[in-house]
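Read the structure below first, then the notes.
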Amino acid sequence: MFWSAATAWTLFATTCFSIAFADVQKVDFTLDRGVTLSLSSSPSTGSECKVCKWVKWLGIRTRKCDSSQTFENSGSASVELECRNRKGAFNAQINQTIECTSKSCSSNIKTNSNFDNLLSLNRQFVWNVKAANPKSARINFGTTGLRQIQPSQSCPDLHVYTYEVSEDSANVLVGKYCRTGPITKAQARGFNRFSLELPVGQKLQYINYVVSAGEEIKSLAKISMFLPQGHSSLELFSPNYPGNFPDDKVMEWYFEVPAKHQTSIQLFNLTQPQCVEKEPALEYHDMFRIGLVASLTEAQPVQSEGGFTMTLRNCKMDKARANTPGLSTSFKVSASKIAAKVPCEVNLTQFADLSLHIKKLNPSSDCIMRHRSVPIDQTTLNPGSITQLTFEDCQPEDIQITAIENLVCSQGRQCYKLYLSVPSLPQCLPASLSNMTWALRLPLHGTMELGCASGTLMQVLPGQPCNDSILIKMTEDDGSSIGTFCRGGFITKLQIHTNMSITVTGRNGKELVPSTILRARIKDEIAESYIFRVSPMRNIPLFLATPGWPKGMKSSSTVSWIVTVPPKMEAHLLFTNLSQPKCSSHHTGIKIRRLGQTEDDYSRREDEKPQREITVSGSFFLNMSNCIPERGDFSVLAKVTLHRSQMLIIIASVVAALLVLFIVILVVVCLVIRKKKKTLNQQTSIYNPNGTSFLPGQNGFPRSQEDDDEHVYDYIEDSLVYSHLLRKGEQMGVYGKAETAPGHTDTQNPLVARQTGTVDMEVGTYQDFLHEQRPELPKRPPTHMQPMVDNELYDIGEGEEKSSAQQPQERQSCPKDARATCRQWWIMNCMKLRRVWRGHLLYNHHWSQMRA
């Protein structure tokens, strides 16, 4: 125990002494899983420099120092670097193993910020990639790529990459590389080693190269590259250069060559081996797998456009001889465009007003344009001319071709109907027509009317994107913009009262296809500068903008839109953007008037408050006129939307409500009529000559006198209601007593006066008077032989006839004996008239039923 304490004290004293006379740097870092960090001192420093870390020894935390230390466990750690002069005295190696299966790999080649604290050390990042046999492991170097250098060279950014493969228990150097180059991929079988070396003080540039499972290969390694456009060259080296390429091995390079390019290969610094079997050679296979073998000493064949593979084969060398040279060489790969001279004859004799302008866009490009064997950068071909041109190595992006057609419409020239078309150019030209311009010159009092040959036009504005392949730009002679349009929309016609130019260009780099774009004709002079005819559609917004939008209109210019509104529709107009100037002369004006009307629906000047929303029922025209502005611009953007007319909606609602009400009333009436018909069908009156009427159906047939209930009545006769008055009349001697007579009880004849000579009847009984003889039935129509009613009209007794005969005399004056007697007389006559009227109504009702 004493020895242990003494030993610990000795170590502690040594450590303190070393720290006192040495420079110590503490470094913190973080290790990911599968990553190993090895720190070591440079061999040139000897034992002066040490790597120290704190460990526990015999339960005591002790500082352990050595020439190298290794850290394998993931997580955070720290180390102390002890040296009198630490610059360049320590090396750090960060190792990571990537294992691949036949389908994928465990990780990628990438760096992070975990080791930024090691900036004062020489650093080497190593990725050990293990491929699964028989497939290879592929490393993709991304878009930047790599460029191969000689082993003794360095890179501008001091980032040197090394790619090695393990073959026959030995490492073979495939090559060293710098960032940014044509090499895109590298793949090899078995064990691969890819590393990055950084000197002291060089900041790490982070990388992320994808590692994946590749195809089966028979060679030592395969490097893929893409040659850029135009003239380019690169240098490649055989494996282990400048050392010997391994005995009887194969190395592959794959080249992707652009279209219309060719590739040539030259060998430099060639060292031939002493062979016992075979001969070293280069094999070429194009994309169709057609092979070509060439020896290393002869000229290599030129490869045309497309991809091809170059394979270097070594022989079986004579190893019995000492100091025999091996195979070693470098390659220079050059790519260039295929020089093709294309003669082209441009004949414009069939175009009397068309001229072409051909221009070389990039003066530094490989494209050469010649006119009569003289190189030129641009030329103009006049109307009706024939020109011979030659183009060498010219691509479509190198040449721009524009066309101009001047159309002057005078009074004597027949140009009242024109078709503005894109012409067809000779196919020998390397590029298509990029834009076409028509310069239109009008007669003195003429107006140009334009319409789209394929339908309608639309103005390119916010909220109305154009899906066409072309754009049509219209400008006046002074450069003022009328607007930019494209095909498809709501504009059916344009009328423009000025000289103008129309230019058609392709959208998003699209070519102009030979076709007719616009129809044009000369019309009579108009009062406005521009007139647009538009036909909007329902629920699709239409935007109307002043010419030159978003810039203001020209001074003193006018524009009108004639808006066609379909029947039963109305237009909602909203001014979404309105800018008014301060006028030095005249006023700006915005007017809306329905077609056929003499008064404006809307009118505002710049000094009046505008109305943002207007509703117009029917087709209308919208007129805008500019003043001479002192400052500011006059620009308007209006939105037009069609909807169904509100008045029609109200009328339709009212009509619908009335129709529903009529249907309800009709249904109710039908139900009531049906119910009445059902009741009438069950209660049909039948005339009985015996004086009894009955209702069939539920009422049954009439009963006999014995079965009749005399105290039950269908209705109460008026004589019963006024029986007390009759009794008073009897007491006064006006009427005689009634006598009950057997017979039918359904009806009751009125009481008669004493002068009739009838037998007295008991007052208040519901019985017929006794008759000596029943009167004959009245005459009926021949179609109704049996009467359907039985009432007082046709059942009047003899006493009634006599009373009726005396009736005119009785109506002339009242009895003079008493006032009460007169009142009884009036009551009796009223009762008789009521019975007569009731019988008449019943007869008419049954008569109409029988006719129906």
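Identifiers in the structure tokens: chain A, B, ... in order shown; residue index from 1 per chain; ligand index from 1 in order shown.
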
Closest pair table for segment 111-131 of chain A residues within 12 Å of segment 69-91 of chain A, only C-alpha atoms, as a tab-separated table:
residue	atom	partner	partner_atom	distance
A:Asn114	CA	A:Ser76	CA	9.6
A:Phe115	CA	A:Ser76	CA	11.1
A:Asn117	CA	A:Ser78	CA	10.5
A:Leu118	CA	A:Asn91	CA	9.3
A:Leu119	CA	A:Lys87	CA	10.5
A:Ser120	CA	A:Lys87	CA	6.8
A:Leu121	CA	A:Phe90	CA	5.5
A:Asn122	CA	A:Asn91	CA	4.7
A:Arg123	CA	A:Asn91	CA	6.0
A:Gln124	CA	A:Asn91	CA	8.0
A:Phe125	CA	A:Asn91	CA	11.1

Create the file for the chosen residues now, containing N, CA and C atoms and written as a PDB file, in the first residue's frame.
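This is the output file out.pdb:
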ATOM      1  N   ASN A 114     -18.352  17.724 -35.652  1.00  0.00           N
ATOM      2  CA  ASN A 114     -17.918  17.135 -34.379  1.00  0.00           C
ATOM      3  C   ASN A 114     -16.422  17.318 -34.121  1.00  0.00           C
ATOM      4  N   PHE A 115     -15.645  17.551 -35.174  1.00  0.00           N
ATOM      5  CA  PHE A 115     -14.192  17.593 -35.013  1.00  0.00           C
ATOM      6  C   PHE A 115     -13.625  18.949 -35.415  1.00  0.00           C
ATOM      7  N   ASN A 117     -12.819  21.182 -33.416  1.00  0.00           N
ATOM      8  CA  ASN A 117     -11.784  21.558 -32.444  1.00  0.00           C
ATOM      9  C   ASN A 117     -10.405  20.989 -32.789  1.00  0.00           C
ATOM     10  N   LEU A 118     -10.344  20.122 -33.803  1.00  0.00           N
ATOM     11  CA  LEU A 118      -9.066  19.528 -34.198  1.00  0.00           C
ATOM     12  C   LEU A 118      -8.397  20.317 -35.308  1.00  0.00           C
ATOM     13  N   LEU A 119      -8.717  21.612 -35.424  1.00  0.00           N
ATOM     14  CA  LEU A 119      -8.193  22.428 -36.518  1.00  0.00           C
ATOM     15  C   LEU A 119      -6.672  22.573 -36.463  1.00  0.00           C
ATOM     16  N   SER A 120      -6.111  22.448 -35.297  1.00  0.00           N
ATOM     17  CA  SER A 120      -4.649  22.617 -35.155  1.00  0.00           C
ATOM     18  C   SER A 120      -3.899  21.328 -35.428  1.00  0.00           C
ATOM     19  N   LEU A 121      -4.576  20.273 -35.891  1.00  0.00           N
ATOM     20  CA  LEU A 121      -3.942  18.983 -36.138  1.00  0.00           C
ATOM     21  C   LEU A 121      -4.015  18.656 -37.627  1.00  0.00           C
ATOM     22  N   ASN A 122      -3.136  17.790 -38.075  1.00  0.00           N
ATOM     23  CA  ASN A 122      -3.279  17.181 -39.388  1.00  0.00           C
ATOM     24  C   ASN A 122      -4.373  16.121 -39.302  1.00  0.00           C
ATOM     25  N   ARG A 123      -5.358  16.229 -40.165  1.00  0.00           N
ATOM     26  CA  ARG A 123      -6.527  15.347 -40.057  1.00  0.00           C
ATOM     27  C   ARG A 123      -6.662  14.472 -41.300  1.00  0.00           C
ATOM     28  N   GLN A 124      -7.104  13.261 -41.060  1.00  0.00           N
ATOM     29  CA  GLN A 124      -7.408  12.326 -42.140  1.00  0.00           C
ATOM     30  C   GLN A 124      -8.722  11.616 -41.803  1.00  0.00           C
ATOM     31  N   PHE A 125      -9.689  11.821 -42.702  1.00  0.00           N
ATOM     32  CA  PHE A 125     -10.985  11.153 -42.554  1.00  0.00           C
ATOM     33  C   PHE A 125     -10.978   9.931 -43.465  1.00  0.00           C
TER      34      PHE A 125
END

Inset, instruction - Please run DSSP on the backbone and report, as a list in words, all residues within segment 327-515 of chain A that come out as helix (DSSP H, G or I). - result: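 Those residues are Pro396, Glu397, Asp398, Arg507, Asn508 and Gly509 of chain A.
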
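Put simply, atom CA of Ser330 of chain A is 6.2 Å away from atom CA of Asn269 of chain A.
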
Legend entry - Non-local contacts of segment 630-644 of chain A (6 Å; only C-alpha atoms; under 5 positions in same chain excluded) as JSON, numbers by chain: {"A": [538, 539, 541, 542, 543, 544, 545, 546, 552, 553, 569, 570, 571, 572, 573, 574, 575, 576, 577, 578, 579, 580, 581, 582, 583, 584]}

Inset, instruction - Just the residues within 6 Å of segment 233-237 of chain A, please, counting only C-alpha atoms, with nothing from its chain fewer than 6 positions along; format it as a PyMOL selection string. - result: chain A and resi 330-334

Written file, previous selection with N, CA and C atoms, as a PDB file, in the first residue's frame:
ATOM      1  N   SER A 330      -0.226   7.602 -68.515  1.00  0.00           N
ATOM      2  CA  SER A 330      -1.252   8.623 -68.267  1.00  0.00           C
ATOM      3  C   SER A 330      -2.020   8.832 -69.569  1.00  0.00           C
ATOM      4  N   PHE A 331      -3.261   9.307 -69.431  1.00  0.00           N
ATOM      5  CA  PHE A 331      -4.146   9.492 -70.582  1.00  0.00           C
ATOM      6  C   PHE A 331      -4.594  10.955 -70.647  1.00  0.00           C
ATOM      7  N   LYS A 332      -4.648  11.470 -71.863  1.00  0.00           N
ATOM      8  CA  LYS A 332      -5.249  12.778 -72.090  1.00  0.00           C
ATOM      9  C   LYS A 332      -6.506  12.559 -72.938  1.00  0.00           C
ATOM     10  N   VAL A 333      -7.632  12.901 -72.355  1.00  0.00           N
ATOM     11  CA  VAL A 333      -8.930  12.714 -73.016  1.00  0.00           C
ATOM     12  C   VAL A 333      -9.431  14.088 -73.438  1.00  0.00           C
ATOM     13  N   SER A 334      -9.648  14.282 -74.742  1.00  0.00           N
ATOM     14  CA  SER A 334     -10.107  15.568 -75.285  1.00  0.00           C
ATOM     15  C   SER A 334     -11.452  15.369 -75.969  1.00  0.00           C
TER      16      SER A 334
END

Inset, instruction - Pick out the closest residue to Gly214 of chain A from this set: A:Ala131, A:Ile290, A:Leu296, A:Ile404. Count only C-alpha atoms. - result: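 Nearest candidate to Gly214 of chain A out of A:Ala131, A:Ile290, A:Leu296, A:Ile404: A:Ala131.
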
Inset, instruction - Write down as a PyMOL selection string the residues belonging to segment 198-375 of chain A that are assigned strand (DSSP E or B) by DSSP computed on the backbone. - result: chain A and resi 198+208-216+221-226+232-237+250-257+261-271+275-277+281-286+291-295+303+306-313+316-317+328-337+341-347+354-360+368-371+374-375

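Note that atom CA of Phe532 of chain A and atom CA of Thr492 of chain A are 7.8 Å apart.
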
Inset, instruction - Do a neighbour search on Ser556 of chain A at 6 Å with only C-alpha atoms, toss out local chain neighbours closer than 4 positions, and write the hits as number ranges by chain. - result: A: 626-628

Inset, instruction - Kindly give the distance, in Å, that separates atom CA of Ser42 of chain A and atom CA of Ser67 of chain A, rounded to a single decimal. - result: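 One can read the atom CA of Ser42 of chain A to atom CA of Ser67 of chain A distance as 8.6 Å.
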
Legend entry - Ile183 of chain A surroundings by only C-alpha atoms, 8 Å radius, close-in-sequence under 5 positions cut, as a list in words: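 That gives Phe141, Gly145, Leu146, Arg147, Ile223, Ser224, Met225 and Phe226 of chain A.
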